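Working notes for the structure below.
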Amino acid sequence: MPSSRKARATGRAGAVAVLTALVGALLPAVAAHAEDRTVRGGRLDWGIKSSFQSYVTGPIAQGSSTLRGGAATVGGSQFRFHSAKGSYDPDTGAFGAAFLGGVRFTGHKKGGGYELDLTISRPTVKVSGGSGTLYADMVSKAKGSGTVTSTPQVPLASLDVSGIDMKGGGGPIALNNLPARLTSQGAKAFAGYYTAGTALDPVSLSADLVAPSAAARPDTERGRDEGGGSGKDRDKDGKDKKSAARGRVAGRIEDAAVDWGVRRTFREYVTGSVARGKWTLSAGAQDGGALFRFPRGKGTYDRKKQTLGADFAGAVRFTGAHGLDLTLSKVSVQVKDGKGTLAADVDSKGDRGAALRNAPLVTFAAGDLRPEDGLVALTEVPAKLTADGAKAFGGMYEAGSAMDPLSLAVALDADAELPALPDLGSSAKPAPKPSEPARPRTGNAATSDSSSPAVPLGIGAGVAVLLAAAVALGVVRKKRATADTSASTPGDS
């Protein structure tokens with residue numbers, strides 16, 4: 001008997017030692033996940049209010065919506081805002097992220113203006129203590145009086161985040177289809193079109209998380225040297241030696257990029273229910289959501305003559321049903337006498353296709369090309385389709401039609417930095433459609449459309465191991481207790 005008790009004690013001590021070791025090994029990982037995270041990169045998709053959109057573009061208001069600051073459209077009625085920045089606390093679940101871009105609604109044209117004129121931009125989502133709020137910069141014209149009010153970061157909508165465990169997320173944070181209702185402040189900023197408590201379109205967002213230490217490091221230290229230079233090609237200040245040498249050549253362009261979305265309605269047609277198509281980027285072109293960036297511009301600039309000429313890398317190909325196959329490549333920009341022209345090679349294989357070389361597609365007003373801090377920049381200038389551009393699109397649009405605005409950035413020295421491309425985050429692409437109806441909102445902060453119980457990402461695995469160890473210990477103890485009872489029961493010996 002003494003030896004039996006000693007064996008049982010030894011077994012229990014061994015199990016406790018294993019469990020203690022597991023706890024000790026996992027605690028540092030849990031502590032690491034408790035560190036606050038910086039939000040950098042991501043998108044917010046929101047239709048604001050679908051019925052309002054229909055009213056604006058309908059037969060009564062006869063208006064439209066225009067995108068600003070790199071905002072894009074998603075699906076039939078959603079706007080996509082980009083480049084999330086903010087913070088997240090895994091311990092408390094507090095989350096805050098501001099997104100860039102805006103949309104302006106205009107309607108009821110009267111004279112040279114509009115009676116309906118509403119702009120919503122820079123939406124910001126904050127979640128804390130089980131409640132959520134969407135803020136936005138608002139510029140609105142009141143019905144009747146026509147008084148224009150501009151208010152930054154109005155608490156526009158309350159967000160229903162009930163049932164969502166915001167704690168312990170490791171990233172990216174994804175919140176889908178959050179029910180939204182207009183606040184009293186939002187009703188005032190909405191120019192009185194709706195009353196407080198009115199249901200708005202649901203809000204979905206995705207945001208990437210990085211540790212504060214990683215967020216503080218320069219991009220070159222994180223290996224994101226987009227220029228392709230290695231560490232040995234940089235001096236002690238982190239500048240590219242070759243670029244610095246080129247910067248001494250008068251009139252020479254160091255780097256340049258042109259951003260152009262072609263035309264919003266054309267992109268919506270390509271991905272819509274009719275064409276059911278897509279676009280494909282190649283040769284270095286980049287997708288910014290509402291625009292395509294053609295990078296690595298090379299050419300010359302003459303400040304005195306106010307002339308500029310640059311050729312850019314990248315190509316975009318649009319394909320879809322009904323013979324849609326259109327490719328734009330070898331993009332170039334020429335500016336002279338205050339007028340700019342964007343040209344490209346066009347290859348179209350449709351029924352009304354055309355093959356054009358260096359065809360001027362759109363023209364735009366360039367104004368004064370005065371550099372500032374070594375950078376010549378034009379931001380979202382209106383662009384109009386040329387006659388050759390009309391041919392390139394097979395007569396889909398007439399010459400003179402408004403196309404998407406164009407942005408141009410030209411670096412004249414090695415220190416000048418080009419504007420950043422909209423950052424849609426790692427989870428910007430929509431998830432595949434589920435076979436069953438989607439859940440109204442997410443079950444936790446670490447994933448979207450999850451039907452499993454809320455388990456904090458990054459901690460769940462450790463907790464599972466601990467639970468397994470505890471269960472194993474309980475089973476061992478139960479078996480040993482049963483054996484002890486049986487041994488002391490009369491008649492079993």
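A note on labels: chains of the structure tokens are A, B, ... as shown, every chain counts residues from 1, and ligands are counted from 1 in their shown order.
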Item to check | All residues 10 Å or closer to Ala354 in chain A, only C-alpha atoms, same chain fewer than 5 positions away omitted, as number ranges by chain | outcome: A: 326, 346-349, 388, 391-394
Output for the residues just chosen: C-alpha atoms as a PDB file, in the first residue's frame:
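Generated output (result_14.pdb):
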```pdb
ATOM      1  CA  LEU A 326      -9.256  45.578 -74.281  1.00  0.00           C
ATOM      2  CA  VAL A 346      -4.609  50.097 -77.529  1.00  0.00           C
ATOM      3  CA  ASP A 347      -5.310  46.480 -78.434  1.00  0.00           C
ATOM      4  CA  SER A 348      -8.985  45.570 -78.659  1.00  0.00           C
ATOM      5  CA  LYS A 349     -10.190  42.203 -79.937  1.00  0.00           C
ATOM      6  CA  ASP A 388      -9.066  58.401 -80.798  1.00  0.00           C
ATOM      7  CA  LYS A 391     -12.369  54.613 -81.164  1.00  0.00           C
ATOM      8  CA  ALA A 392     -10.374  52.757 -78.528  1.00  0.00           C
ATOM      9  CA  PHE A 393     -13.587  52.025 -76.612  1.00  0.00           C
ATOM     10  CA  GLY A 394     -15.437  50.930 -79.722  1.00  0.00           C
TER      11      GLY A 394
END
```
Checklist entry - Quick one: residues within 7 Å of range 86-101 of chain A, only C-alpha atoms counted, chain neighbours fewer than 3 positions away excluded, as an MDAnalysis selection string? => result chainID A and resid 34 36:40 43 68:71 81:83 121:128 166:169
Which parts of range 36-267 of chain A does DSSP call helix (DSSP H, G or I) when run on the backbone here, written out as a PDB file with N, CA and C atoms, in the first residue's frame?
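Wrote it out as part37.pdb, contents follow:
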```
ATOM      1  N   SER A  50     -28.745  52.878 -49.585  1.00  0.00           N
ATOM      2  CA  SER A  50     -29.039  52.535 -50.976  1.00  0.00           C
ATOM      3  C   SER A  50     -30.207  53.331 -51.527  1.00  0.00           C
ATOM      4  N   SER A  51     -31.247  53.506 -50.710  1.00  0.00           N
ATOM      5  CA  SER A  51     -32.412  54.244 -51.198  1.00  0.00           C
ATOM      6  C   SER A  51     -32.067  55.706 -51.467  1.00  0.00           C
ATOM      7  N   PHE A  52     -31.120  56.258 -50.706  1.00  0.00           N
ATOM      8  CA  PHE A  52     -30.677  57.629 -50.956  1.00  0.00           C
ATOM      9  C   PHE A  52     -29.932  57.704 -52.281  1.00  0.00           C
ATOM     10  N   GLN A  53     -29.100  56.709 -52.552  1.00  0.00           N
ATOM     11  CA  GLN A  53     -28.414  56.668 -53.843  1.00  0.00           C
ATOM     12  C   GLN A  53     -29.419  56.623 -54.994  1.00  0.00           C
ATOM     13  N   SER A  54     -30.443  55.786 -54.837  1.00  0.00           N
ATOM     14  CA  SER A  54     -31.459  55.664 -55.891  1.00  0.00           C
ATOM     15  C   SER A  54     -32.212  56.974 -56.076  1.00  0.00           C
ATOM     16  N   TYR A  55     -32.465  57.667 -54.969  1.00  0.00           N
ATOM     17  CA  TYR A  55     -33.160  58.951 -55.059  1.00  0.00           C
ATOM     18  C   TYR A  55     -32.306  59.990 -55.790  1.00  0.00           C
ATOM     19  N   VAL A  56     -31.016  60.019 -55.449  1.00  0.00           N
ATOM     20  CA  VAL A  56     -30.116  61.005 -56.060  1.00  0.00           C
ATOM     21  C   VAL A  56     -30.038  60.822 -57.568  1.00  0.00           C
ATOM     22  N   THR A  57     -29.908  59.575 -58.000  1.00  0.00           N
ATOM     23  CA  THR A  57     -29.742  59.305 -59.440  1.00  0.00           C
ATOM     24  C   THR A  57     -31.068  59.091 -60.156  1.00  0.00           C
ATOM     25  N   SER A 184     -28.491  61.360 -33.956  1.00  0.00           N
ATOM     26  CA  SER A 184     -29.116  62.684 -33.997  1.00  0.00           C
ATOM     27  C   SER A 184     -28.182  63.707 -34.639  1.00  0.00           C
ATOM     28  N   GLN A 185     -26.867  63.616 -34.317  1.00  0.00           N
ATOM     29  CA  GLN A 185     -25.904  64.516 -34.959  1.00  0.00           C
ATOM     30  C   GLN A 185     -25.804  64.217 -36.445  1.00  0.00           C
ATOM     31  N   GLY A 186     -25.862  62.914 -36.787  1.00  0.00           N
ATOM     32  CA  GLY A 186     -25.801  62.529 -38.187  1.00  0.00           C
ATOM     33  C   GLY A 186     -27.002  63.022 -38.971  1.00  0.00           C
ATOM     34  N   ALA A 187     -28.182  63.015 -38.347  1.00  0.00           N
ATOM     35  CA  ALA A 187     -29.390  63.494 -39.022  1.00  0.00           C
ATOM     36  C   ALA A 187     -29.258  64.966 -39.388  1.00  0.00           C
ATOM     37  N   LYS A 188     -28.673  65.757 -38.485  1.00  0.00           N
ATOM     38  CA  LYS A 188     -28.463  67.181 -38.785  1.00  0.00           C
ATOM     39  C   LYS A 188     -27.455  67.354 -39.923  1.00  0.00           C
ATOM     40  N   ALA A 189     -26.347  66.598 -39.849  1.00  0.00           N
ATOM     41  CA  ALA A 189     -25.313  66.708 -40.871  1.00  0.00           C
ATOM     42  C   ALA A 189     -25.782  66.166 -42.215  1.00  0.00           C
ATOM     43  N   PRO A 212       3.679  47.856 -32.867  1.00  0.00           N
ATOM     44  CA  PRO A 212       4.181  49.237 -32.892  1.00  0.00           C
ATOM     45  C   PRO A 212       5.643  49.331 -33.274  1.00  0.00           C
ATOM     46  N   SER A 213       6.449  48.359 -32.835  1.00  0.00           N
ATOM     47  CA  SER A 213       7.866  48.393 -33.164  1.00  0.00           C
ATOM     48  C   SER A 213       8.091  48.265 -34.662  1.00  0.00           C
ATOM     49  N   ALA A 214       7.270  47.411 -35.330  1.00  0.00           N
ATOM     50  CA  ALA A 214       7.397  47.247 -36.777  1.00  0.00           C
ATOM     51  C   ALA A 214       6.885  48.471 -37.509  1.00  0.00           C
ATOM     52  N   ALA A 215       5.819  49.097 -36.965  1.00  0.00           N
ATOM     53  CA  ALA A 215       5.247  50.266 -37.618  1.00  0.00           C
ATOM     54  C   ALA A 215       6.197  51.446 -37.579  1.00  0.00           C
ATOM     55  N   ALA A 216       7.064  51.485 -36.564  1.00  0.00           N
ATOM     56  CA  ALA A 216       7.972  52.621 -36.411  1.00  0.00           C
ATOM     57  C   ALA A 216       9.192  52.517 -37.312  1.00  0.00           C
ATOM     58  N   ASP A 219      10.374  51.848 -44.130  1.00  0.00           N
ATOM     59  CA  ASP A 219      10.067  50.790 -45.081  1.00  0.00           C
ATOM     60  C   ASP A 219      11.319  50.066 -45.551  1.00  0.00           C
ATOM     61  N   THR A 220      12.433  50.791 -45.693  1.00  0.00           N
ATOM     62  CA  THR A 220      13.643  50.148 -46.194  1.00  0.00           C
ATOM     63  C   THR A 220      14.155  49.102 -45.218  1.00  0.00           C
ATOM     64  N   GLU A 221      13.904  49.304 -43.895  1.00  0.00           N
ATOM     65  CA  GLU A 221      14.338  48.326 -42.912  1.00  0.00           C
ATOM     66  C   GLU A 221      13.456  47.095 -42.918  1.00  0.00           C
ATOM     67  N   ARG A 222      12.236  47.235 -43.472  1.00  0.00           N
ATOM     68  CA  ARG A 222      11.339  46.082 -43.530  1.00  0.00           C
ATOM     69  C   ARG A 222      11.471  45.356 -44.867  1.00  0.00           C
ATOM     70  N   GLY A 231      20.569  47.201 -50.005  1.00  0.00           N
ATOM     71  CA  GLY A 231      21.171  47.996 -48.953  1.00  0.00           C
ATOM     72  C   GLY A 231      22.524  48.557 -49.359  1.00  0.00           C
ATOM     73  N   LYS A 232      23.290  47.814 -50.125  1.00  0.00           N
ATOM     74  CA  LYS A 232      24.628  48.275 -50.494  1.00  0.00           C
ATOM     75  C   LYS A 232      24.588  49.436 -51.470  1.00  0.00           C
ATOM     76  N   ASP A 233      23.426  49.676 -52.129  1.00  0.00           N
ATOM     77  CA  ASP A 233      23.300  50.783 -53.064  1.00  0.00           C
ATOM     78  C   ASP A 233      22.850  52.060 -52.378  1.00  0.00           C
ATOM     79  N   LYS A 241      22.145  55.742 -54.044  1.00  0.00           N
ATOM     80  CA  LYS A 241      23.294  56.466 -54.597  1.00  0.00           C
ATOM     81  C   LYS A 241      23.129  56.735 -56.088  1.00  0.00           C
ATOM     82  N   LYS A 242      22.598  55.752 -56.811  1.00  0.00           N
ATOM     83  CA  LYS A 242      22.424  55.934 -58.245  1.00  0.00           C
ATOM     84  C   LYS A 242      21.402  57.031 -58.533  1.00  0.00           C
ATOM     85  N   SER A 243      20.303  57.031 -57.751  1.00  0.00           N
ATOM     86  CA  SER A 243      19.290  58.063 -57.944  1.00  0.00           C
ATOM     87  C   SER A 243      19.847  59.430 -57.606  1.00  0.00           C
ATOM     88  N   ALA A 244      20.670  59.506 -56.548  1.00  0.00           N
ATOM     89  CA  ALA A 244      21.259  60.782 -56.165  1.00  0.00           C
ATOM     90  C   ALA A 244      22.146  61.326 -57.273  1.00  0.00           C
ATOM     91  N   ALA A 245      22.859  60.419 -57.927  1.00  0.00           N
ATOM     92  CA  ALA A 245      23.711  60.847 -59.031  1.00  0.00           C
ATOM     93  C   ALA A 245      22.885  61.342 -60.199  1.00  0.00           C
ATOM     94  N   ARG A 246      21.785  60.639 -60.490  1.00  0.00           N
ATOM     95  CA  ARG A 246      20.937  61.054 -61.604  1.00  0.00           C
ATOM     96  C   ARG A 246      20.264  62.384 -61.309  1.00  0.00           C
ATOM     97  N   ARG A 264     -15.168  55.120 -64.213  1.00  0.00           N
ATOM     98  CA  ARG A 264     -15.839  54.353 -63.163  1.00  0.00           C
ATOM     99  C   ARG A 264     -16.930  53.449 -63.727  1.00  0.00           C
ATOM    100  N   THR A 265     -17.790  53.987 -64.581  1.00  0.00           N
ATOM    101  CA  THR A 265     -18.891  53.181 -65.118  1.00  0.00           C
ATOM    102  C   THR A 265     -18.375  52.056 -66.005  1.00  0.00           C
ATOM    103  N   PHE A 266     -17.211  52.261 -66.631  1.00  0.00           N
ATOM    104  CA  PHE A 266     -16.639  51.195 -67.444  1.00  0.00           C
ATOM    105  C   PHE A 266     -16.154  50.067 -66.557  1.00  0.00           C
ATOM    106  N   ARG A 267     -15.504  50.383 -65.436  1.00  0.00           N
ATOM    107  CA  ARG A 267     -15.054  49.341 -64.505  1.00  0.00           C
ATOM    108  C   ARG A 267     -16.252  48.581 -63.937  1.00  0.00           C
TER     109      ARG A 267
END
```
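Every protein, DNA or RNA residue with an atom at most 12 Å from Thr147 in chain A, where only C-alpha atoms count and chain neighbours fewer than 3 positions away do not, is listed here: Tyr114, Glu115, Leu116, Asp117, Leu118, Val139, Ser140, Lys141, Ala142, Lys143, Gly144, Ser150, Ala189, Ala191 and Gly192 of chain A.
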Keeping only C-alpha atoms, write the selected residues as a PDB file, in the first residue's frame.
```pdb
ATOM      1  CA  TYR A 114     -27.389  72.024 -56.772  1.00  0.00           C
ATOM      2  CA  GLU A 115     -30.050  72.138 -54.099  1.00  0.00           C
ATOM      3  CA  LEU A 116     -28.897  68.713 -52.945  1.00  0.00           C
ATOM      4  CA  ASP A 117     -25.163  68.725 -52.240  1.00  0.00           C
ATOM      5  CA  LEU A 118     -23.736  66.318 -49.681  1.00  0.00           C
ATOM      6  CA  VAL A 139     -20.249  68.937 -45.940  1.00  0.00           C
ATOM      7  CA  SER A 140     -23.977  69.425 -46.551  1.00  0.00           C
ATOM      8  CA  LYS A 141     -26.414  71.978 -47.921  1.00  0.00           C
ATOM      9  CA  ALA A 142     -29.583  72.239 -45.851  1.00  0.00           C
ATOM     10  CA  LYS A 143     -32.920  71.712 -47.566  1.00  0.00           C
ATOM     11  CA  GLY A 144     -34.840  74.931 -48.057  1.00  0.00           C
ATOM     12  CA  SER A 150     -18.913  71.700 -42.925  1.00  0.00           C
ATOM     13  CA  ALA A 189     -25.313  66.708 -40.871  1.00  0.00           C
ATOM     14  CA  ALA A 191     -29.169  67.978 -44.215  1.00  0.00           C
ATOM     15  CA  GLY A 192     -32.391  66.739 -42.647  1.00  0.00           C
TER      16      GLY A 192
END
```
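Of the listed residues A:Asp302, A:Asp413, A:Glu35, A:Glu268, the one whose atoms come nearest to Val210 in chain A is A:Glu35, with distances taken using only C-alpha atoms.
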Item to check | Residue contacts of Ala411 in chain A (12 Å, only C-alpha atoms) excluding same-chain residues fewer than 5 positions away, as number ranges by chain | outcome: A: 243-244, 246-247, 251-258, 295-301, 308, 310, 370-377, 416-419
Next on the checklist: Quick check, in Å to one decimal: how far apart do CA of Leu209 in chain A and CA of Leu44 in chain A lie?
Outcome noted: 14.9 Å
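Residue nearest Leu385 in chain A, chosen from A:Val262, A:Gly320, A:Thr133, A:Thr280 and counting only C-alpha atoms: A:Val262.
As for CA of His108 in chain A and CA of Val381 in chain A, they are spaced 24.6 Å apart.
CA of Lys339 in chain A to CA of Gly389 in chain A spans 16.6 Å [interatomic distance, one decimal].
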Item to check | Selection: 7 Å around Pro405 in chain A, only C-alpha atoms, excl. self and same-chain fewer than 5 positions, as a PyMOL selection string | outcome: chain A and resi 260+380-383
Tell me which protein, DNA and RNA residues are within 6 Å of Val203 in chain A, counting only C-alpha atoms, leaving out same-chain ones fewer than 6 positions away, and put them as a PDB file with N, CA and C atoms, in the first residue's frame.
```
ATOM      1  N   TRP A  46     -19.123  50.538 -47.685  1.00  0.00           N
ATOM      2  CA  TRP A  46     -20.376  51.051 -47.136  1.00  0.00           C
ATOM      3  C   TRP A  46     -21.176  51.722 -48.244  1.00  0.00           C
ATOM      4  N   ASN A 177     -20.845  43.420 -42.269  1.00  0.00           N
ATOM      5  CA  ASN A 177     -22.291  43.669 -42.218  1.00  0.00           C
ATOM      6  C   ASN A 177     -22.771  44.138 -40.841  1.00  0.00           C
ATOM      7  N   LEU A 178     -22.093  45.127 -40.287  1.00  0.00           N
ATOM      8  CA  LEU A 178     -22.521  45.692 -39.018  1.00  0.00           C
ATOM      9  C   LEU A 178     -23.751  46.580 -39.234  1.00  0.00           C
TER      10      LEU A 178
END
```
Checklist entry - Using the chain letters and numbers from this document, which residues of range 264-445 of chain A does DSSP assign to strand (DSSP E or B), as a PyMOL selection string? => result chain A and resi 278-282+286-287+292-294+298-302+307-311+315-320+324-336+339-348+355-365+372+375-385+402-411+444
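Minimum distance to Val316 in chain A across A:Ser332, A:Ser206, A:Thr341, A:Ser282 (counting only C-alpha atoms) occurs at A:Ser282.
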Item to check | Long-range neighbours of Lys278 in chain A as a PyMOL selection string, 9 Å cut-off, only C-alpha atoms, 6 positions minimum in chain | outcome: chain A and resi 267+270-271+317-320
